[in-house]
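*Asks:* Sharing run.pdb, PDB, C-alpha atoms, pLDDT in the B column:
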```
ATOM      1  CA  LEU A 293    -101.716   4.527 -49.815  1.00 45.00           C
ATOM      2  CA  HIS A 294    -101.120   1.900 -47.128  1.00 49.00           C
ATOM      3  CA  ASP A 295    -102.764   2.712 -43.765  1.00 53.00           C
ATOM      4  CA  ALA A 296     -99.394   2.819 -42.012  1.00 53.00           C
ATOM      5  CA  LEU A 297     -98.119   5.632 -44.209  1.00 53.00           C
ATOM      6  CA  PRO A 298     -99.201   9.165 -43.233  1.00 55.00           C
ATOM      7  CA  ILE A 299    -100.377  11.613 -45.840  1.00 53.00           C
ATOM      8  CA  CYS A 300     -99.031  15.151 -45.496  1.00 51.00           C
ATOM      9  CA  PHE A 301    -100.637  18.170 -47.119  1.00 50.00           C
ATOM     10  CA  PRO A 302    -100.854  21.930 -46.344  1.00 51.00           C
ATOM     11  CA  VAL A 303    -104.207  23.262 -45.143  1.00 48.00           C
ATOM     12  CA  THR A 304    -103.194  26.885 -44.585  1.00 49.00           C
ATOM     13  CA  ILE A 305     -99.943  28.725 -44.912  1.00 50.00           C
ATOM     14  CA  SER A 306     -99.234  28.161 -41.209  1.00 51.00           C
ATOM     15  CA  THR A 307    -100.823  24.768 -40.450  1.00 52.00           C
ATOM     16  CA  LEU A 308     -99.525  21.356 -41.474  1.00 53.00           C
ATOM     17  CA  TYR A 309    -101.645  18.190 -41.010  1.00 51.00           C
ATOM     18  CA  PHE A 310    -100.428  14.588 -40.808  1.00 53.00           C
ATOM     19  CA  ILE A 311    -103.299  12.152 -41.338  1.00 56.00           C
ATOM     20  CA  SER A 312    -103.486   8.365 -41.006  1.00 56.00           C
ATOM     21  CA  THR A 313    -106.435   6.036 -40.562  1.00 57.00           C
ATOM     22  CA  SER A 314    -106.035   6.159 -36.785  1.00 59.00           C
ATOM     23  CA  ALA A 315    -105.438   9.842 -35.990  1.00 58.00           C
ATOM     24  CA  ALA A 316    -104.876  13.344 -37.275  1.00 55.00           C
ATOM     25  CA  ILE A 317    -101.984  15.322 -35.857  1.00 54.00           C
ATOM     26  CA  PHE A 318    -101.183  18.900 -36.764  1.00 52.00           C
ATOM     27  CA  PHE A 319     -98.524  21.470 -36.068  1.00 52.00           C
ATOM     28  CA  ASN A 320     -99.541  25.093 -36.033  1.00 53.00           C
ATOM     29  CA  SER A 321     -96.783  27.650 -36.317  1.00 50.00           C
ATOM     30  CA  ASP A 322     -98.339  31.031 -35.494  1.00 50.00           C
ATOM     31  CA  ALA A 323     -98.224  33.917 -37.890  1.00 44.00           C
ATOM     32  CA  GLY A 324     -94.703  34.678 -36.687  1.00 47.00           C
ATOM     33  CA  GLY A 325     -93.755  31.194 -37.808  1.00 52.00           C
ATOM     34  CA  GLY A 326     -91.087  30.663 -35.136  1.00 70.00           C
ATOM     35  CA  SER A 327     -90.272  29.615 -31.594  1.00 83.00           C
ATOM     36  CA  PRO A 328     -90.176  32.233 -28.781  1.00 85.00           C
ATOM     37  CA  LEU A 329     -87.004  30.621 -27.402  1.00 85.00           C
ATOM     38  CA  THR A 330     -83.883  32.764 -27.608  1.00 87.00           C
ATOM     39  CA  THR A 331     -81.383  31.563 -24.988  1.00 87.00           C
ATOM     40  CA  LYS A 332     -79.778  28.366 -23.746  1.00 89.00           C
ATOM     41  CA  GLY A 333     -82.050  26.732 -21.164  1.00 85.00           C
ATOM     42  CA  ASP A 334     -85.259  28.559 -22.197  1.00 88.00           C
ATOM     43  CA  LEU A 335     -88.513  26.634 -21.829  1.00 89.00           C
ATOM     44  CA  TYR A 336     -91.378  26.719 -24.341  1.00 87.00           C
ATOM     45  CA  THR A 337     -94.461  27.632 -22.276  1.00 89.00           C
ATOM     46  CA  PHE A 338     -97.897  29.190 -22.719  1.00 88.00           C
ATOM     47  CA  SER A 339     -99.639  32.198 -21.183  1.00 89.00           C
ATOM     48  CA  THR A 340    -102.317  33.545 -23.531  1.00 90.00           C
ATOM     49  CA  ALA A 341    -100.098  32.548 -26.429  1.00 89.00           C
ATOM     50  CA  ASP A 342     -96.883  30.620 -26.918  1.00 87.00           C
ATOM     51  CA  ASP A 343     -94.392  32.082 -24.472  1.00 88.00           C
ATOM     52  CA  ARG A 344     -90.785  31.843 -23.248  1.00 90.00           C
ATOM     53  CA  LEU A 345     -89.688  31.089 -19.688  1.00 91.00           C
ATOM     54  CA  ALA A 346     -86.040  32.062 -19.268  1.00 90.00           C
ATOM     55  CA  VAL A 347     -83.729  29.576 -17.592  1.00 90.00           C
ATOM     56  CA  GLY A 348     -83.526  29.929 -13.804  1.00 87.00           C
ATOM     57  CA  ALA A 349     -80.518  30.495 -11.577  1.00 86.00           C
ATOM     58  CA  ASN A 350     -78.193  27.582 -10.849  1.00 84.00           C
ATOM     59  CA  ASN A 351     -79.657  24.936  -8.499  1.00 74.00           C
ATOM     60  CA  THR A 352     -83.218  26.292  -8.704  1.00 84.00           C
ATOM     61  CA  VAL A 353     -86.130  24.015  -9.636  1.00 87.00           C
ATOM     62  CA  LEU A 354     -89.170  24.510 -11.856  1.00 87.00           C
ATOM     63  CA  THR A 355     -92.237  25.152  -9.678  1.00 88.00           C
ATOM     64  CA  ALA A 356     -95.950  25.551 -10.427  1.00 91.00           C
ATOM     65  CA  ASP A 357     -97.247  29.030  -9.527  1.00 88.00           C
ATOM     66  CA  SER A 358    -100.700  30.102 -10.711  1.00 90.00           C
ATOM     67  CA  SER A 359     -99.909  33.772  -9.986  1.00 91.00           C
ATOM     68  CA  THR A 360     -97.396  33.972 -12.847  1.00 92.00           C
ATOM     69  CA  ALA A 361     -98.300  34.515 -16.502  1.00 90.00           C
ATOM     70  CA  THR A 362     -97.195  31.025 -17.557  1.00 91.00           C
ATOM     71  CA  GLY A 363     -98.161  29.229 -14.337  1.00 92.00           C
ATOM     72  CA  LEU A 364     -94.508  28.362 -13.753  1.00 92.00           C
ATOM     73  CA  LYS A 365     -91.476  29.843 -12.032  1.00 91.00           C
ATOM     74  CA  TRP A 366     -87.953  28.947 -10.924  1.00 87.00           C
ATOM     75  CA  ALA A 367     -87.552  28.616  -7.144  1.00 82.00           C
ATOM     76  CA  ALA A 368     -85.005  27.462  -4.581  1.00 72.00           C
ATOM     77  CA  SER A 369     -85.081  23.735  -3.939  1.00 69.00           C
ATOM     78  CA  SER A 370     -87.104  22.819  -0.843  1.00 66.00           C
ATOM     79  CA  GLY A 371     -84.949  21.441   1.945  1.00 67.00           C
ATOM     80  CA  GLY A 372     -81.726  22.739   0.448  1.00 80.00           C
ATOM     81  CA  MET A 373     -78.981  24.475   2.410  1.00 89.00           C
ATOM     82  CA  THR A 374     -77.578  27.843   1.361  1.00 92.00           C
ATOM     83  CA  LEU A 375     -74.320  29.229   2.723  1.00 95.00           C
ATOM     84  CA  LEU A 376     -75.175  32.680   4.090  1.00 96.00           C
ATOM     85  CA  THR A 377     -71.791  33.668   5.488  1.00 97.00           C
ATOM     86  CA  SER A 378     -68.471  32.191   6.615  1.00 97.00           C
ATOM     87  CA  GLY A 379     -65.221  33.367   8.142  1.00 97.00           C
ATOM     88  CA  THR A 380     -62.553  32.888  10.790  1.00 97.00           C
ATOM     89  CA  LEU A 381     -62.767  33.156  14.570  1.00 96.00           C
ATOM     90  CA  SER A 382     -60.526  35.896  15.903  1.00 95.00           C
ATOM     91  CA  GLY A 383     -60.444  38.544  18.594  1.00 95.00           C
ATOM     92  CA  ALA A 384     -62.748  38.646  21.599  1.00 93.00           C
ATOM     93  CA  SER A 385     -65.971  38.109  19.628  1.00 96.00           C
ATOM     94  CA  VAL A 386     -67.395  37.583  16.159  1.00 97.00           C
ATOM     95  CA  SER A 387     -70.755  38.983  15.005  1.00 97.00           C
ATOM     96  CA  LEU A 388     -72.845  37.550  12.191  1.00 98.00           C
ATOM     97  CA  THR A 389     -75.247  40.304  11.155  1.00 97.00           C
ATOM     98  CA  SER A 390     -78.028  41.008   8.631  1.00 96.00           C
ATOM     99  CA  ILE A 391     -79.135  37.360   8.601  1.00 98.00           C
ATOM    100  CA  ASP A 392     -81.567  36.629   5.776  1.00 96.00           C
ATOM    101  CA  GLY A 393     -84.999  35.856   7.270  1.00 97.00           C
ATOM    102  CA  SER A 394     -86.400  33.869   4.341  1.00 93.00           C
ATOM    103  CA  TYR A 395     -85.354  30.393   5.550  1.00 94.00           C
ATOM    104  CA  LYS A 396     -87.001  27.941   7.968  1.00 95.00           C
ATOM    105  CA  ASN A 397     -83.981  27.074  10.105  1.00 97.00           C
ATOM    106  CA  LEU A 398     -80.356  28.082  10.516  1.00 98.00           C
ATOM    107  CA  ILE A 399     -77.349  25.799  10.920  1.00 98.00           C
ATOM    108  CA  LEU A 400     -74.159  27.207  12.457  1.00 98.00           C
ATOM    109  CA  ARG A 401     -71.032  25.084  12.038  1.00 98.00           C
ATOM    110  CA  ILE A 402     -67.759  25.749  13.801  1.00 97.00           C
ATOM    111  CA  TYR A 403     -64.553  23.955  12.935  1.00 96.00           C
ATOM    112  CA  ASN A 404     -61.337  23.737  14.985  1.00 94.00           C
ATOM    113  CA  PHE A 405     -62.263  26.246  17.688  1.00 93.00           C
ATOM    114  CA  LYS A 406     -59.151  27.048  19.713  1.00 91.00           C
ATOM    115  CA  PRO A 407     -59.233  29.531  22.586  1.00 92.00           C
ATOM    116  CA  ALA A 408     -56.293  31.569  23.905  1.00 93.00           C
ATOM    117  CA  THR A 409     -57.099  30.343  27.419  1.00 92.00           C
ATOM    118  CA  ASP A 410     -57.138  26.653  28.323  1.00 91.00           C
ATOM    119  CA  ALA A 411     -60.598  25.229  29.119  1.00 91.00           C
ATOM    120  CA  ALA A 412     -62.389  28.232  27.590  1.00 92.00           C
ATOM    121  CA  GLN A 413     -65.787  27.665  26.024  1.00 93.00           C
ATOM    122  CA  CYS A 414     -67.519  29.115  22.968  1.00 95.00           C
ATOM    123  CA  TYR A 415     -70.738  31.015  23.670  1.00 96.00           C
ATOM    124  CA  LEU A 416     -73.635  31.899  21.377  1.00 97.00           C
ATOM    125  CA  GLN A 417     -76.008  34.858  21.791  1.00 98.00           C
ATOM    126  CA  PHE A 418     -78.743  36.288  19.558  1.00 98.00           C
ATOM    127  CA  ASN A 419     -79.514  39.889  18.591  1.00 98.00           C
ATOM    128  CA  SER A 420     -76.882  41.145  21.097  1.00 97.00           C
ATOM    129  CA  ASP A 421     -79.144  39.962  23.940  1.00 97.00           C
ATOM    130  CA  THR A 422     -76.962  39.671  27.069  1.00 96.00           C
ATOM    131  CA  GLY A 423     -79.869  39.113  29.466  1.00 96.00           C
ATOM    132  CA  SER A 424     -80.681  35.877  31.290  1.00 96.00           C
ATOM    133  CA  ASN A 425     -82.974  34.664  28.521  1.00 97.00           C
ATOM    134  CA  TYR A 426     -81.093  31.489  27.534  1.00 97.00           C
ATOM    135  CA  TYR A 427     -81.858  28.002  28.830  1.00 95.00           C
ATOM    136  CA  SER A 428     -79.979  24.816  28.001  1.00 92.00           C
ATOM    137  CA  SER A 429     -79.452  21.263  29.151  1.00 89.00           C
ATOM    138  CA  THR A 430     -76.950  18.580  28.178  1.00 81.00           C
ATOM    139  CA  ALA A 431     -77.338  14.812  28.301  1.00 69.00           C
ATOM    140  CA  THR A 432     -76.309  14.794  31.980  1.00 59.00           C
ATOM    141  CA  THR A 433     -78.286  17.841  33.132  1.00 56.00           C
ATOM    142  CA  THR A 434     -81.321  17.208  35.316  1.00 57.00           C
ATOM    143  CA  SER A 435     -82.387  20.831  35.806  1.00 65.00           C
ATOM    144  CA  VAL A 436     -82.286  23.943  33.654  1.00 76.00           C
ATOM    145  CA  SER A 437     -81.647  27.496  34.785  1.00 79.00           C
ATOM    146  CA  SER A 438     -81.400  30.773  32.928  1.00 88.00           C
ATOM    147  CA  SER A 439     -78.120  32.137  31.641  1.00 93.00           C
ATOM    148  CA  ASN A 440     -76.890  34.960  29.417  1.00 94.00           C
ATOM    149  CA  GLN A 441     -75.643  32.641  26.639  1.00 95.00           C
ATOM    150  CA  ILE A 442     -75.715  29.107  25.246  1.00 94.00           C
ATOM    151  CA  ILE A 443     -72.531  27.023  25.287  1.00 93.00           C
ATOM    152  CA  ILE A 444     -71.990  25.565  21.810  1.00 94.00           C
ATOM    153  CA  VAL A 445     -68.390  24.356  22.395  1.00 92.00           C
ATOM    154  CA  PRO A 446     -67.532  23.127  25.926  1.00 90.00           C
ATOM    155  CA  ALA A 447     -64.182  23.516  27.722  1.00 88.00           C
ATOM    156  CA  THR A 448     -61.490  23.034  25.091  1.00 89.00           C
ATOM    157  CA  ASP A 449     -57.720  22.607  25.011  1.00 86.00           C
ATOM    158  CA  ASP A 450     -55.812  25.758  24.059  1.00 88.00           C
ATOM    159  CA  THR A 451     -52.995  24.037  22.143  1.00 87.00           C
ATOM    160  CA  THR A 452     -54.795  21.692  19.755  1.00 84.00           C
ATOM    161  CA  ALA A 453     -57.821  22.524  17.598  1.00 81.00           C
ATOM    162  CA  GLU A 454     -59.749  19.530  16.297  1.00 84.00           C
ATOM    163  CA  GLY A 455     -63.339  20.179  17.357  1.00 88.00           C
ATOM    164  CA  VAL A 456     -66.495  20.370  15.259  1.00 94.00           C
ATOM    165  CA  SER A 457     -69.722  21.997  16.482  1.00 96.00           C
ATOM    166  CA  ASP A 458     -73.075  21.820  14.692  1.00 97.00           C
ATOM    167  CA  THR A 459     -75.900  24.049  15.982  1.00 98.00           C
ATOM    168  CA  THR A 460     -79.434  24.219  14.536  1.00 98.00           C
ATOM    169  CA  ILE A 461     -81.712  27.169  15.350  1.00 98.00           C
ATOM    170  CA  VAL A 462     -85.306  26.198  14.589  1.00 98.00           C
ATOM    171  CA  ASN A 463     -87.867  28.646  13.176  1.00 97.00           C
ATOM    172  CA  TYR A 464     -85.429  31.506  13.783  1.00 98.00           C
ATOM    173  CA  ALA A 465     -87.396  34.130  11.827  1.00 98.00           C
ATOM    174  CA  SER A 466     -90.641  33.633  13.759  1.00 97.00           C
ATOM    175  CA  THR A 467     -92.086  36.542  15.713  1.00 98.00           C
ATOM    176  CA  SER A 468     -94.563  34.269  17.536  1.00 97.00           C
ATOM    177  CA  TYR A 469     -92.428  31.590  19.197  1.00 96.00           C
ATOM    178  CA  ASN A 470     -89.359  31.148  21.376  1.00 98.00           C
ATOM    179  CA  LYS A 471     -86.329  29.730  19.545  1.00 98.00           C
ATOM    180  CA  LEU A 472     -85.243  26.102  19.932  1.00 97.00           C
ATOM    181  CA  VAL A 473     -81.490  25.415  19.736  1.00 97.00           C
ATOM    182  CA  GLU A 474     -80.019  21.953  19.088  1.00 97.00           C
ATOM    183  CA  ASN A 475     -76.258  21.474  19.431  1.00 96.00           C
ATOM    184  CA  PHE A 476     -73.939  18.545  18.731  1.00 95.00           C
ATOM    185  CA  VAL A 477     -70.207  18.931  19.330  1.00 94.00           C
ATOM    186  CA  SER A 478     -67.052  16.894  19.691  1.00 92.00           C
ATOM    187  CA  THR A 479     -63.864  18.655  20.694  1.00 90.00           C
ATOM    188  CA  ASN A 480     -60.508  18.267  22.434  1.00 86.00           C
ATOM    189  CA  ASN A 481     -60.619  17.557  26.138  1.00 84.00           C
ATOM    190  CA  SER A 482     -59.148  20.495  28.041  1.00 84.00           C
ATOM    191  CA  THR A 483     -57.358  18.191  30.498  1.00 82.00           C
ATOM    192  CA  THR A 484     -55.911  15.670  28.028  1.00 81.00           C
ATOM    193  CA  ALA A 485     -55.624  17.178  24.562  1.00 75.00           C
ATOM    194  CA  THR A 486     -55.398  13.794  22.854  1.00 81.00           C
ATOM    195  CA  ASN A 487     -58.838  12.830  24.170  1.00 84.00           C
ATOM    196  CA  GLN A 488     -62.161  13.992  22.753  1.00 84.00           C
ATOM    197  CA  ARG A 489     -65.238  15.120  24.622  1.00 84.00           C
ATOM    198  CA  SER A 490     -68.725  15.175  23.126  1.00 88.00           C
ATOM    199  CA  GLN A 491     -71.830  17.147  23.988  1.00 89.00           C
ATOM    200  CA  PHE A 492     -75.464  17.017  22.978  1.00 92.00           C
ATOM    201  CA  LEU A 493     -77.364  20.107  24.088  1.00 93.00           C
ATOM    202  CA  ILE A 494     -80.941  21.315  23.825  1.00 93.00           C
ATOM    203  CA  GLY A 495     -81.350  25.027  24.373  1.00 94.00           C
ATOM    204  CA  LEU A 496     -83.926  27.788  24.233  1.00 96.00           C
ATOM    205  CA  TRP A 497     -83.719  31.492  23.585  1.00 97.00           C
ATOM    206  CA  LYS A 498     -86.768  32.810  25.390  1.00 97.00           C
ATOM    207  CA  SER A 499     -87.712  35.508  22.907  1.00 98.00           C
ATOM    208  CA  THR A 500     -90.273  35.898  20.139  1.00 98.00           C
ATOM    209  CA  SER A 501     -88.027  38.281  18.213  1.00 98.00           C
ATOM    210  CA  ALA A 502     -86.808  37.179  14.804  1.00 98.00           C
ATOM    211  CA  ILE A 503     -83.091  36.403  14.881  1.00 98.00           C
ATOM    212  CA  THR A 504     -81.215  38.843  12.661  1.00 98.00           C
ATOM    213  CA  SER A 505     -77.734  38.531  14.187  1.00 98.00           C
ATOM    214  CA  MET A 506     -75.565  36.173  16.249  1.00 98.00           C
ATOM    215  CA  GLN A 507     -72.613  36.827  18.529  1.00 98.00           C
ATOM    216  CA  LEU A 508     -69.850  34.288  19.202  1.00 98.00           C
ATOM    217  CA  THR A 509     -67.619  34.851  22.237  1.00 96.00           C
ATOM    218  CA  THR A 510     -65.293  32.878  24.488  1.00 94.00           C
ATOM    219  CA  SER A 511     -65.697  32.439  28.213  1.00 92.00           C
ATOM    220  CA  SER A 512     -62.270  34.045  28.705  1.00 90.00           C
ATOM    221  CA  GLY A 513     -59.619  35.561  26.486  1.00 90.00           C
ATOM    222  CA  ASN A 514     -59.819  35.606  22.698  1.00 94.00           C
ATOM    223  CA  PHE A 515     -60.258  33.225  19.825  1.00 95.00           C
ATOM    224  CA  THR A 516     -56.888  31.920  18.674  1.00 94.00           C
ATOM    225  CA  SER A 517     -58.236  30.200  15.555  1.00 94.00           C
ATOM    226  CA  GLY A 518     -61.199  28.427  14.049  1.00 96.00           C
ATOM    227  CA  ASN A 519     -63.737  28.812  11.257  1.00 97.00           C
ATOM    228  CA  TYR A 520     -67.508  29.244  11.093  1.00 98.00           C
ATOM    229  CA  GLU A 521     -70.168  28.686   8.442  1.00 98.00           C
ATOM    230  CA  LEU A 522     -73.813  29.805   8.673  1.00 98.00           C
ATOM    231  CA  TYR A 523     -76.385  28.065   6.469  1.00 97.00           C
ATOM    232  CA  GLY A 524     -80.026  28.820   5.763  1.00 96.00           C
ATOM    233  CA  VAL A 525     -82.286  25.756   5.432  1.00 95.00           C
ATOM    234  CA  LYS A 526     -85.482  25.862   3.360  1.00 85.00           C
TER     235      LYS A 526
END
```
Would you mind giving the structure from this file in structure tokens?

*Replies:*
Amino acid sequence: LHDALPICFPVTISTLYFISTSAAIFFNSDAGGGSPLTTKGDLYTFSTADDRLAVGANNTVLTADSSTATGLKWAASSGGMTLLTSGTLSGASVSLTSIDGSYKNLILRIYNFKPATDAAQCYLQFNSDTGSNYYSSTATTTSVSSSNQIIIVPATDDTTAEGVSDTTIVNYASTSYNKLVENFVSTNNSTTATNQRSQFLIGLWKSTSAITSMQLTTSSGNFTSGNYELYGVK
């Protein structure tokens, strides 16, 4: 036969060889004679024999892991954000509890905070700590003193809710370091509701405890409306 045409012949009942002048390629179907795959999304892998890796959960990625039988696993995407909890702002305070400690950072977002009292602020505390263990400075602050909370939304108008606050808590699950807080916010000016005021704040919770809960309160009165979202960041 011409060199370009492969010759196919059975060698054993389970092995098929394709031979040309340049190479020999074979397919070996084990005694079972079939694939281990059974379900949509399965991957054909190998442990000590041909093996099946079931499809992972939505939005997970295939990751090398020498501790598993196949050397592979499905894992959460690095750097991704996961919504841990969300809800509305109401009453005198809102508590976010049982925070998952498996992430690197937390991001707390607040939309359309509106207090019942004009010029009220939104405060953030951790683990129900009401002591003077919080330190923060804004772009115009030249000195920092202790307080019993961090202001994540400054004085806001009580009739119009248009503000957005974005707060990052770095390394929140650590039991070795104090917790860095970074806050960006733009909200309605409490004097002229049609104007906006912006704040950039760097804060610190002086505690080495892992953060497992957060408390949101207002400086006076109750929350009239608003929404919050808490994300974990890998």

*Asks:* For the file shown, report as number ranges by chain the outcome of the PyMOL selection byres ((chain A and resi 518) around 9) at residue level.

*Replies:* A: 379-382, 402-407, 453, 515-517, 519-520

*Asks:* Report, in Å to a single decimal, how far apart CA of Thr500 in chain A and CA of Ile391 in chain A are.

*Replies:*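 Computing it gives 16.1 Å between the two atoms.
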
*Asks:* Work out how far CA of Tyr523 in chain A is from CA of Ser505 in chain A, in Å to one decimal.

*Replies:* 13.1 Å

*Asks:* With only C-alpha atoms as the basis for distance, which of A:Lys471, A:Thr362, A:Ile494, A:Val525 is at the shortest distance from Val436 in chain A?

*Replies:*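 Distance minimum relative to Val436 in chain A lands on A:Ile494.
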
*Asks:* Looking at A:Arg401, A:Lys396, A:Lys498, A:Arg344, which one is nearest to Leu375 in chain A, with distances taken over all atoms listed in the file?

*Replies:* A:Arg401
